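Q: For reference, the file final.tsv (TSV, C-alpha atoms) is included below:
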```tsv
chain	number	residue	atom	x	y	z
A	1	MET	CA	0.38	-17.06	-2.67
A	2	LEU	CA	-0.15	-13.27	-2.85
A	3	HIS	CA	-1.59	-12.34	-6.21
A	4	ARG	CA	-2.12	-8.62	-5.90
A	5	ILE	CA	-2.07	-5.63	-3.59
A	6	ASP	CA	-5.76	-5.67	-2.77
A	7	HIS	CA	-5.80	-2.42	-0.84
A	8	VAL	CA	-3.99	0.06	1.35
A	9	GLY	CA	-5.91	1.09	4.45
A	10	ILE	CA	-5.62	4.73	5.49
A	11	ALA	CA	-6.76	5.99	8.90
A	12	CYS	CA	-8.45	9.39	9.07
A	13	HIS	CA	-10.46	11.54	11.47
A	14	ASP	CA	-13.15	12.66	9.04
A	15	LEU	CA	-14.21	10.14	6.42
A	16	ALA	CA	-16.43	12.51	4.44
A	17	ALA	CA	-13.67	15.09	4.16
A	18	LYS	CA	-11.11	12.49	3.14
A	19	ILE	CA	-13.41	11.02	0.50
A	20	ALA	CA	-13.89	14.49	-0.96
A	21	PHE	CA	-10.12	14.98	-1.00
A	22	TYR	CA	-9.38	11.72	-2.80
A	23	GLU	CA	-12.19	12.29	-5.28
A	24	THR	CA	-11.11	15.83	-6.07
A	25	VAL	CA	-7.33	15.58	-5.98
A	26	PHE	CA	-6.75	12.03	-7.23
A	27	GLU	CA	-9.96	11.51	-9.25
A	28	LEU	CA	-10.82	8.25	-7.50
A	29	ASN	CA	-14.40	7.10	-7.00
A	30	VAL	CA	-16.09	5.53	-4.02
A	31	VAL	CA	-17.55	2.15	-4.91
A	32	SER	CA	-18.63	0.98	-1.46
A	33	ARG	CA	-19.32	2.42	2.00
A	34	GLU	CA	-19.73	0.13	4.98
A	35	ILE	CA	-19.74	0.16	8.75
A	36	HIS	CA	-17.98	-2.73	10.48
A	37	GLU	CA	-19.03	-2.70	14.12
A	38	ASP	CA	-16.73	-5.61	14.94
A	39	GLN	CA	-13.70	-3.67	13.67
A	40	GLY	CA	-14.95	-0.35	15.05
A	41	VAL	CA	-14.72	1.48	11.73
A	42	ARG	CA	-16.74	3.13	9.05
A	43	GLU	CA	-15.04	2.88	5.69
A	44	ALA	CA	-15.10	3.83	2.05
A	45	MET	CA	-13.52	1.78	-0.74
A	46	LEU	CA	-12.15	3.77	-3.70
A	47	ARG	CA	-11.16	1.82	-6.77
A	48	VAL	CA	-7.68	2.54	-8.12
A	49	ALA	CA	-7.36	-0.16	-10.73
A	50	ASP	CA	-8.83	-3.30	-12.20
A	51	GLY	CA	-6.67	-6.25	-13.04
A	52	PRO	CA	-6.96	-9.88	-14.10
A	53	ALA	CA	-6.63	-10.96	-10.47
A	54	GLY	CA	-9.12	-8.39	-9.19
A	55	ALA	CA	-9.16	-4.70	-8.38
A	56	SER	CA	-6.93	-2.62	-6.12
A	57	TRP	CA	-8.40	-0.18	-3.66
A	58	ILE	CA	-7.75	2.64	-1.27
A	59	GLN	CA	-9.67	1.95	1.93
A	60	LEU	CA	-10.37	5.07	3.98
A	61	LEU	CA	-11.06	4.26	7.63
A	62	GLU	CA	-12.68	6.43	10.31
A	63	PRO	CA	-12.93	4.97	13.82
A	64	LEU	CA	-16.34	4.58	15.48
A	65	GLY	CA	-14.73	5.71	18.73
A	66	PRO	CA	-11.43	6.33	20.52
A	67	ASP	CA	-11.26	2.83	22.04
A	68	THR	CA	-11.17	1.07	18.67
A	69	PRO	CA	-7.98	-0.14	16.92
A	70	VAL	CA	-8.09	2.70	14.40
A	71	GLY	CA	-9.00	5.21	17.11
A	72	LYS	CA	-5.94	4.19	19.12
A	73	PHE	CA	-3.78	4.30	16.00
A	74	LEU	CA	-4.90	7.89	15.33
A	75	ALA	CA	-4.20	8.91	18.93
A	76	ARG	CA	-0.73	7.38	18.81
A	77	ARG	CA	0.43	8.26	15.29
A	78	GLY	CA	-2.06	10.61	13.69
A	79	GLU	CA	-3.56	10.15	10.26
A	80	GLY	CA	-1.72	7.96	7.78
A	81	ILE	CA	-1.29	4.51	6.31
A	82	HIS	CA	-2.72	1.92	8.68
A	83	HIS	CA	-2.27	-1.44	6.92
A	84	ILE	CA	-1.79	-3.30	3.66
A	85	GLY	CA	-4.09	-6.01	2.31
A	86	TYR	CA	-2.92	-8.68	-0.13
A	87	GLY	CA	-5.24	-10.64	-2.36
A	88	VAL	CA	-5.05	-14.42	-2.06
A	89	MET	CA	-6.95	-17.15	-3.86
A	90	ASP	CA	-7.42	-19.43	-0.84
A	91	ILE	CA	-7.28	-17.61	2.46
A	92	THR	CA	-7.48	-20.73	4.62
A	93	ALA	CA	-4.53	-22.32	2.85
A	94	ALA	CA	-2.58	-19.05	3.04
A	95	LEU	CA	-3.23	-18.69	6.78
A	96	ASP	CA	-2.13	-22.26	7.39
A	97	ALA	CA	1.09	-21.77	5.44
A	98	ILE	CA	1.95	-18.41	6.98
A	99	GLY	CA	1.16	-19.61	10.49
A	100	ALA	CA	3.38	-22.66	9.96
A	101	ARG	CA	6.22	-20.26	9.05
A	102	GLY	CA	6.09	-18.65	12.51
A	103	VAL	CA	3.89	-15.60	11.96
A	104	ARG	CA	1.21	-15.16	14.60
A	105	LEU	CA	-2.30	-14.82	13.22
A	106	LEU	CA	-4.58	-12.19	14.75
A	107	ASP	CA	-7.44	-14.08	13.13
A	108	GLN	CA	-7.13	-17.85	13.32
A	109	ARG	CA	-10.00	-18.17	10.90
A	110	PRO	CA	-11.20	-15.82	8.17
A	111	ARG	CA	-13.93	-13.37	9.04
A	112	HIS	CA	-16.15	-11.03	7.06
A	113	GLY	CA	-14.50	-7.98	5.51
A	114	SER	CA	-15.34	-5.26	3.02
A	115	MET	CA	-17.52	-5.97	0.03
A	116	GLY	CA	-18.19	-9.56	0.94
A	117	ALA	CA	-14.54	-10.61	1.18
A	118	SER	CA	-13.06	-13.07	3.66
A	119	ILE	CA	-10.21	-11.45	5.57
A	120	ALA	CA	-7.66	-12.18	8.27
A	121	PHE	CA	-4.95	-10.10	9.89
A	122	LEU	CA	-1.39	-11.12	10.73
A	123	HIS	CA	0.44	-9.84	13.81
A	124	PRO	CA	2.39	-6.71	12.81
A	125	ALA	CA	5.19	-7.48	15.26
A	126	ASP	CA	5.92	-10.62	13.23
A	127	VAL	CA	5.82	-8.77	9.88
A	128	GLY	CA	8.35	-6.01	10.56
A	129	GLY	CA	5.88	-3.51	11.97
A	130	VAL	CA	3.47	-3.89	9.06
A	131	LEU	CA	-0.14	-4.67	9.91
A	132	THR	CA	-0.84	-7.17	7.14
A	133	GLU	CA	-4.22	-8.42	5.99
A	134	LEU	CA	-5.06	-11.30	3.68
A	135	VAL	CA	-8.11	-10.86	1.48
A	136	GLN	CA	-10.00	-13.48	-0.45
A	137	ALA	CA	-12.34	-11.43	-2.56
A	138	ARG	CA	-15.92	-12.52	-3.04
A	139	ALA	CA	-15.20	-12.88	-6.75
A	140	ASP	CA	-12.52	-15.46	-5.97
A	141	ARG	CA	-15.00	-17.44	-3.89
A	142	ALA	CA	-17.78	-17.22	-6.44
A	143	GLY	CA	-15.59	-18.00	-9.42
A	144	PRO	CA	-15.21	-16.29	-12.79
A	145	GLY	CA	-18.07	-14.16	-13.99
A	146	SER	CA	-18.96	-12.61	-10.66
A	147	ILE	CA	-18.27	-8.98	-9.87
A	148	SER	CA	-14.58	-8.46	-9.28
A	149	ARG	CA	-13.93	-6.96	-5.86
H	1	MET	CA	-5.12	9.80	-13.29
H	2	LEU	CA	-3.97	6.99	-10.96
H	3	HIS	CA	-4.06	3.69	-12.80
H	4	ARG	CA	-2.67	1.29	-10.25
H	5	ILE	CA	-1.05	0.86	-6.85
H	6	ASP	CA	2.51	0.70	-8.13
H	7	HIS	CA	4.11	-0.18	-4.82
H	8	VAL	CA	4.08	0.07	-1.06
H	9	GLY	CA	7.37	1.14	0.47
H	10	ILE	CA	8.34	-0.54	3.73
H	11	ALA	CA	11.16	0.75	5.95
H	12	CYS	CA	13.42	-1.79	7.64
H	13	HIS	CA	16.70	-1.99	9.53
H	14	ASP	CA	18.15	-5.01	7.75
H	15	LEU	CA	17.33	-5.37	4.08
H	16	ALA	CA	18.83	-8.83	3.65
H	17	ALA	CA	16.87	-10.21	6.58
H	18	LYS	CA	13.64	-8.63	5.38
H	19	ILE	CA	14.11	-9.95	1.85
H	20	ALA	CA	14.57	-13.45	3.27
H	21	PHE	CA	11.41	-13.01	5.33
H	22	TYR	CA	9.25	-11.90	2.40
H	23	GLU	CA	10.66	-14.62	0.17
H	24	THR	CA	10.11	-17.36	2.73
H	25	VAL	CA	6.83	-16.33	4.33
H	26	PHE	CA	5.02	-14.68	1.43
H	27	GLU	CA	6.75	-16.42	-1.51
H	28	LEU	CA	7.62	-13.15	-3.24
H	29	ASN	CA	10.70	-12.78	-5.42
H	30	VAL	CA	13.19	-9.95	-5.69
H	31	VAL	CA	13.34	-8.59	-9.23
H	32	SER	CA	15.62	-5.59	-8.68
H	33	ARG	CA	18.09	-4.29	-6.11
H	34	GLU	CA	19.35	-0.73	-6.29
H	35	ILE	CA	21.10	1.91	-4.22
H	36	HIS	CA	19.75	5.45	-4.50
H	37	GLU	CA	22.33	7.76	-2.97
H	38	ASP	CA	20.13	10.81	-3.53
H	39	GLN	CA	17.34	9.23	-1.47
H	40	GLY	CA	19.73	7.69	1.05
H	41	VAL	CA	18.39	4.16	0.63
H	42	ARG	CA	19.25	0.73	-0.58
H	43	GLU	CA	16.19	-1.12	-1.80
H	44	ALA	CA	14.77	-4.32	-3.14
H	45	MET	CA	11.70	-4.56	-5.36
H	46	LEU	CA	9.58	-7.71	-4.93
H	47	ARG	CA	6.91	-8.32	-7.53
H	48	VAL	CA	3.43	-9.04	-6.16
H	49	ALA	CA	1.40	-8.97	-9.33
H	50	ASP	CA	1.34	-8.18	-13.01
H	51	GLY	CA	-1.52	-6.30	-14.56
H	52	PRO	CA	-2.51	-4.65	-17.81
H	53	ALA	CA	-1.36	-1.28	-16.44
H	54	GLY	CA	1.93	-2.66	-15.09
H	55	ALA	CA	3.08	-4.60	-12.07
H	56	SER	CA	2.62	-3.97	-8.35
H	57	TRP	CA	5.54	-4.22	-5.97
H	58	ILE	CA	6.66	-4.32	-2.40
H	59	GLN	CA	9.64	-2.01	-2.03
H	60	LEU	CA	11.83	-2.83	0.96
H	61	LEU	CA	13.93	0.15	2.06
H	62	GLU	CA	17.01	0.21	4.28
H	63	PRO	CA	18.54	3.61	5.05
H	64	LEU	CA	22.15	4.34	4.11
H	65	GLY	CA	22.52	6.20	7.42
H	66	PRO	CA	20.59	7.72	10.33
H	67	ASP	CA	20.40	11.20	8.77
H	68	THR	CA	18.41	10.05	5.75
H	69	PRO	CA	14.63	10.31	5.42
H	70	VAL	CA	14.15	6.59	5.99
H	71	GLY	CA	16.71	6.59	8.82
H	72	LYS	CA	14.77	9.34	10.60
H	73	PHE	CA	11.50	7.52	9.98
H	74	LEU	CA	12.90	4.37	11.62
H	75	ALA	CA	14.18	6.35	14.61
H	76	ARG	CA	10.80	8.03	15.06
H	77	ARG	CA	8.37	5.20	14.29
H	78	GLY	CA	10.28	1.97	13.94
H	79	GLU	CA	9.91	-0.44	11.06
H	80	GLY	CA	6.72	-0.30	9.04
H	81	ILE	CA	4.94	1.09	6.00
H	82	HIS	CA	6.72	4.22	4.81
H	83	HIS	CA	4.82	5.36	1.71
H	84	ILE	CA	2.53	4.43	-1.16
H	85	GLY	CA	3.33	4.85	-4.84
H	86	TYR	CA	0.64	5.19	-7.51
H	87	GLY	CA	1.22	4.47	-11.18
H	88	VAL	CA	0.40	7.31	-13.58
H	89	MET	CA	0.63	7.48	-17.36
H	90	ASP	CA	1.95	11.06	-17.53
H	91	ILE	CA	3.72	12.18	-14.38
H	92	THR	CA	4.23	15.76	-15.50
H	93	ALA	CA	0.54	16.22	-16.22
H	94	ALA	CA	-0.38	14.54	-12.93
H	95	LEU	CA	1.98	16.79	-10.93
H	96	ASP	CA	0.56	19.87	-12.61
H	97	ALA	CA	-3.01	18.84	-11.86
H	98	ILE	CA	-2.35	17.82	-8.25
H	99	GLY	CA	-0.30	20.94	-7.55
H	100	ALA	CA	-3.10	23.10	-8.94
H	101	ARG	CA	-5.46	21.43	-6.45
H	102	GLY	CA	-3.43	22.73	-3.52
H	103	VAL	CA	-1.14	19.82	-2.67
H	104	ARG	CA	2.49	20.82	-2.16
H	105	LEU	CA	4.95	18.88	-4.30
H	106	LEU	CA	8.16	17.68	-2.66
H	107	ASP	CA	9.50	17.24	-6.19
H	108	GLN	CA	8.52	20.00	-8.59
H	109	ARG	CA	9.82	17.91	-11.45
H	110	PRO	CA	10.10	14.14	-11.83
H	111	ARG	CA	13.38	12.50	-10.88
H	112	HIS	CA	14.88	9.07	-11.34
H	113	GLY	CA	13.38	6.25	-9.28
H	114	SER	CA	13.53	2.49	-9.11
H	115	MET	CA	13.89	0.41	-12.23
H	116	GLY	CA	14.14	3.36	-14.58
H	117	ALA	CA	10.88	4.99	-13.51
H	118	SER	CA	10.22	8.71	-13.19
H	119	ILE	CA	8.97	9.55	-9.72
H	120	ALA	CA	7.86	12.49	-7.60
H	121	PHE	CA	6.69	12.78	-4.00
H	122	LEU	CA	3.79	14.80	-2.62
H	123	HIS	CA	3.89	16.48	0.79
H	124	PRO	CA	2.41	14.07	3.34
H	125	ALA	CA	0.95	16.90	5.42
H	126	ASP	CA	-1.27	17.75	2.45
H	127	VAL	CA	-2.34	14.12	1.89
H	128	GLY	CA	-3.62	13.25	5.36
H	129	GLY	CA	-0.30	12.02	6.75
H	130	VAL	CA	0.35	9.73	3.79
H	131	LEU	CA	3.69	10.11	2.03
H	132	THR	CA	2.49	9.70	-1.55
H	133	GLU	CA	4.62	9.05	-4.60
H	134	LEU	CA	3.69	9.21	-8.26
H	135	VAL	CA	5.41	6.72	-10.56
H	136	GLN	CA	5.59	6.75	-14.31
H	137	ALA	CA	7.10	3.39	-15.10
H	138	ARG	CA	9.75	3.06	-17.77
H	139	ALA	CA	7.36	0.87	-19.73
H	140	ASP	CA	4.87	3.72	-19.88
H	141	ARG	CA	7.55	6.04	-21.24
H	142	ALA	CA	8.82	3.53	-23.78
H	143	GLY	CA	5.40	2.45	-24.97
H	144	PRO	CA	3.91	-0.98	-25.47
H	145	GLY	CA	6.31	-3.86	-25.97
H	146	SER	CA	8.92	-2.79	-23.45
H	147	ILE	CA	9.43	-4.56	-20.16
H	148	SER	CA	6.61	-3.78	-17.76
H	149	ARG	CA	7.91	-2.29	-14.51
```
Please lay out the structure from this file as structure tokens.

A:
Amino acid sequence: MLHRIDHVGIACHDLAAKIAFYETVFELNVVSREIHEDQGVREAMLRVADGPAGASWIQLLEPLGPDTPVGKFLARRGEGIHHIGYGVMDITAALDAIGARGVRLLDQRPRHGSMGASIAFLHPADVGGVLTELVQARADRAGPGSISR
Amino acid sequence: MLHRIDHVGIACHDLAAKIAFYETVFELNVVSREIHEDQGVREAMLRVADGPAGASWIQLLEPLGPDTPVGKFLARRGEGIHHIGYGVMDITAALDAIGARGVRLLDQRPRHGSMGASIAFLHPADVGGVLTELVQARADRAGPGSISR
């Protein structure tokens, strides 16, 4: 069902500063920058690795305001790891299966995520305190030959 | 420098229960179970994916007691994501480079980690609240042909 660690989401106060840190210290490169108004974040995706099932990423997240999910996370816990995203081949089938196993879905249906992916979040209280995201990359929707997320 | 997300470490109170959850809900399989007295944890490694640069894992961590790093983490924050581990080809070179860029090293030299790997932790206060581990898998030490971590 899960075929890779798609990304780890990291909450920060200052996206530009954190990008500079990851570029300088860890030699990662930003591939995409987006603003997601519906999630209340601006983000940068830094590619860590490519693999046969798609790439793995660090997702740096800066809240658009204090009353957003990431803004509240920062106020409560400070900067740090916010969530994990797993790559799946068929997000609708995965959501159905996981929901049938008793995990509450924060998103009943997939919605738009970074870089054209379809995403959905699971309730962290049902996953041992881990905010867990499923990601069906655009490449998996488009089939082989398209750009790997 | 970083060639994959090697693993995400997740702190839990009851390792057996959490293994059963990840096996049942996410269809992952435990490949290795170890006790690391020096780190104060018992752990299980569940393989998420294989890739050309090695596998990616979920590492479930149960503390051996309350006065261990993971025990204190659970008391302070509850269950959840504890750290991220990145795969590197040469951990000594990576530690030298990262230390020279101003990040304090919790381990000045690599020590033994899961599944025969060499590991070292970076100070989370210098990495934006993210406890960050470097991992040189045994396969990378032994060269091509050995079992991929």

Q: Could you tell me which of A:Asp14, A:Glu27, A:Glu133, A:Asp96 comes closest to chain H if we count all atoms listed in the file?

A: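 Among the listed residues, A:Glu27 lies closest to chain H.
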
Q: Could you please determine the separation between CA of Pro66 in chain H and CA of Glu79 in chain A in Å, to one decimal place?

A: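 A separation of 24.3 Å between them.
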
Q: Using only C-alpha atoms, which chain H residues lie at most 6 Å away from chain A, written as a PyMOL selection string?

A: chain H and resi 3-4+25+48-49+51+79-80+98+128-130

Q: Please, could you write that set of residues out with C-alpha atoms as a PDB file, in the frame of the given file?

A:
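Here's the written file selection-v2.pdb:
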```
ATOM      1  CA  HIS H   3      -4.060   3.690 -12.800  1.00  0.00           C
ATOM      2  CA  ARG H   4      -2.670   1.290 -10.250  1.00  0.00           C
ATOM      3  CA  VAL H  25       6.830 -16.330   4.330  1.00  0.00           C
ATOM      4  CA  VAL H  48       3.430  -9.040  -6.160  1.00  0.00           C
ATOM      5  CA  ALA H  49       1.400  -8.970  -9.330  1.00  0.00           C
ATOM      6  CA  GLY H  51      -1.520  -6.300 -14.560  1.00  0.00           C
ATOM      7  CA  GLU H  79       9.910  -0.440  11.060  1.00  0.00           C
ATOM      8  CA  GLY H  80       6.720  -0.300   9.040  1.00  0.00           C
ATOM      9  CA  ILE H  98      -2.350  17.820  -8.250  1.00  0.00           C
ATOM     10  CA  GLY H 128      -3.620  13.250   5.360  1.00  0.00           C
ATOM     11  CA  GLY H 129      -0.300  12.020   6.750  1.00  0.00           C
ATOM     12  CA  VAL H 130       0.350   9.730   3.790  1.00  0.00           C
TER      13      VAL H 130
END
```

Q: Take the point (13.6, 11.0, -19.7) as written in the file and pick out every residue within 12 Å of it, counting only C-alpha atoms; give the list as a PyMOL selection string.

A: chain H and resi 90-92+109-113+116-119+136-142

Q: Would you mind reading off the distance between CA of Val135 in chain A and CA of Gly85 in chain A, one decimal, in Å?

A: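 Computing the Euclidean distance for CA of Val135 in chain A and CA of Gly85 in chain A yields 6.4 Å.
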
Q: For Leu134 in chain H, which of H:Val30, H:Ala44, H:Gln108, H:Leu61 is the closest residue, counting all atoms listed in the file?

A: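 Answer, going by the shortest atom-to-atom distance: H:Gln108.
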
Q: In Å, how far is it from CA of Thr132 in chain A to CA of Leu95 in chain A?

A: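 According to the coordinates, CA of Thr132 in chain A and CA of Leu95 in chain A are separated by 11.8 Å.
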
Q: Take every atom of range 48-60 of chain A listed in the file, pad by 5 Å on each side, and give me the axis-aligned box centre and edge lengths in Å, one decimal, as lines of an AutoDock Vina configuration file.

A:
```
center_x = -8.5
center_y = -2.9
center_z = -5.1
size_x = 13.7
size_y = 26.0
size_z = 28.1
```

Q: When distances are computed from all atoms listed in the file, which of A:Leu106, A:Met115, A:Met45, A:Ala17 shows the smallest separation from Leu60 in chain A?

A: A:Met45

Q: Find the residue from A:Ser114, A:Leu105, A:Arg33, A:Ala120 that sits nearest to Val88 in chain A; use only C-alpha atoms when measuring.

A: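 Using only C-alpha atoms, the shortest distance to Val88 in chain A belongs to A:Ala120.
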
Q: Would you fill the gaps in range 27-47 of chain H so it has N, CA and C atoms, then print it as a JSON list (two decimals), in the frame of the given file?

A:
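Saved the output as selection-v1.json:
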```json
[["chain", "number", "residue", "atom", "x", "y", "z"],
["H", 27, "GLU", "N", 6.43, -15.82, -0.20],
["H", 27, "GLU", "CA", 6.75, -16.42, -1.51],
["H", 27, "GLU", "C", 6.88, -15.38, -2.61],
["H", 28, "LEU", "N", 7.34, -14.17, -2.24],
["H", 28, "LEU", "CA", 7.62, -13.15, -3.24],
["H", 28, "LEU", "C", 9.07, -13.26, -3.69],
["H", 29, "ASN", "N", 9.34, -12.71, -4.87],
["H", 29, "ASN", "CA", 10.70, -12.78, -5.42],
["H", 29, "ASN", "C", 11.24, -11.39, -5.70],
["H", 30, "VAL", "N", 12.52, -11.21, -5.40],
["H", 30, "VAL", "CA", 13.19, -9.95, -5.69],
["H", 30, "VAL", "C", 13.49, -9.88, -7.18],
["H", 31, "VAL", "N", 13.09, -8.79, -7.81],
["H", 31, "VAL", "CA", 13.34, -8.59, -9.23],
["H", 31, "VAL", "C", 14.47, -7.59, -9.43],
["H", 32, "SER", "N", 14.63, -6.66, -8.51],
["H", 32, "SER", "CA", 15.62, -5.59, -8.68],
["H", 32, "SER", "C", 16.16, -5.17, -7.33],
["H", 33, "ARG", "N", 17.47, -4.90, -7.29],
["H", 33, "ARG", "CA", 18.09, -4.29, -6.11],
["H", 33, "ARG", "C", 18.85, -3.06, -6.58],
["H", 34, "GLU", "N", 18.68, -1.96, -5.89],
["H", 34, "GLU", "CA", 19.35, -0.73, -6.29],
["H", 34, "GLU", "C", 19.76, 0.05, -5.04],
["H", 35, "ILE", "N", 20.75, 0.92, -5.23],
["H", 35, "ILE", "CA", 21.10, 1.91, -4.22],
["H", 35, "ILE", "C", 20.81, 3.28, -4.81],
["H", 36, "HIS", "N", 20.04, 4.08, -4.07],
["H", 36, "HIS", "CA", 19.75, 5.45, -4.50],
["H", 36, "HIS", "C", 20.41, 6.40, -3.51],
["H", 37, "GLU", "N", 21.59, 6.87, -3.88],
["H", 37, "GLU", "CA", 22.33, 7.76, -2.97],
["H", 37, "GLU", "C", 21.54, 9.04, -2.69],
["H", 38, "ASP", "N", 20.85, 9.55, -3.71],
["H", 38, "ASP", "CA", 20.13, 10.81, -3.53],
["H", 38, "ASP", "C", 18.98, 10.67, -2.54],
["H", 39, "GLN", "N", 18.42, 9.46, -2.43],
["H", 39, "GLN", "CA", 17.34, 9.23, -1.47],
["H", 39, "GLN", "C", 17.86, 8.61, -0.17],
["H", 40, "GLY", "N", 19.13, 8.24, -0.16],
["H", 40, "GLY", "CA", 19.73, 7.69, 1.05],
["H", 40, "GLY", "C", 19.23, 6.30, 1.40],
["H", 41, "VAL", "N", 18.92, 5.50, 0.37],
["H", 41, "VAL", "CA", 18.39, 4.16, 0.63],
["H", 41, "VAL", "C", 19.03, 3.10, -0.27],
["H", 42, "ARG", "N", 19.08, 1.90, 0.27],
["H", 42, "ARG", "CA", 19.25, 0.73, -0.58],
["H", 42, "ARG", "C", 17.91, 0.01, -0.56],
["H", 43, "GLU", "N", 17.55, -0.60, -1.68],
["H", 43, "GLU", "CA", 16.19, -1.12, -1.80],
["H", 43, "GLU", "C", 16.16, -2.43, -2.57],
["H", 44, "ALA", "N", 15.09, -3.14, -2.35],
["H", 44, "ALA", "CA", 14.77, -4.32, -3.14],
["H", 44, "ALA", "C", 13.32, -4.22, -3.57],
["H", 45, "MET", "N", 13.07, -4.57, -4.84],
["H", 45, "MET", "CA", 11.70, -4.56, -5.36],
["H", 45, "MET", "C", 11.24, -6.00, -5.53],
["H", 46, "LEU", "N", 10.13, -6.35, -4.86],
["H", 46, "LEU", "CA", 9.58, -7.71, -4.93],
["H", 46, "LEU", "C", 8.24, -7.63, -5.67],
["H", 47, "ARG", "N", 8.11, -8.41, -6.71],
["H", 47, "ARG", "CA", 6.91, -8.32, -7.53],
["H", 47, "ARG", "C", 5.76, -9.08, -6.87]]
```
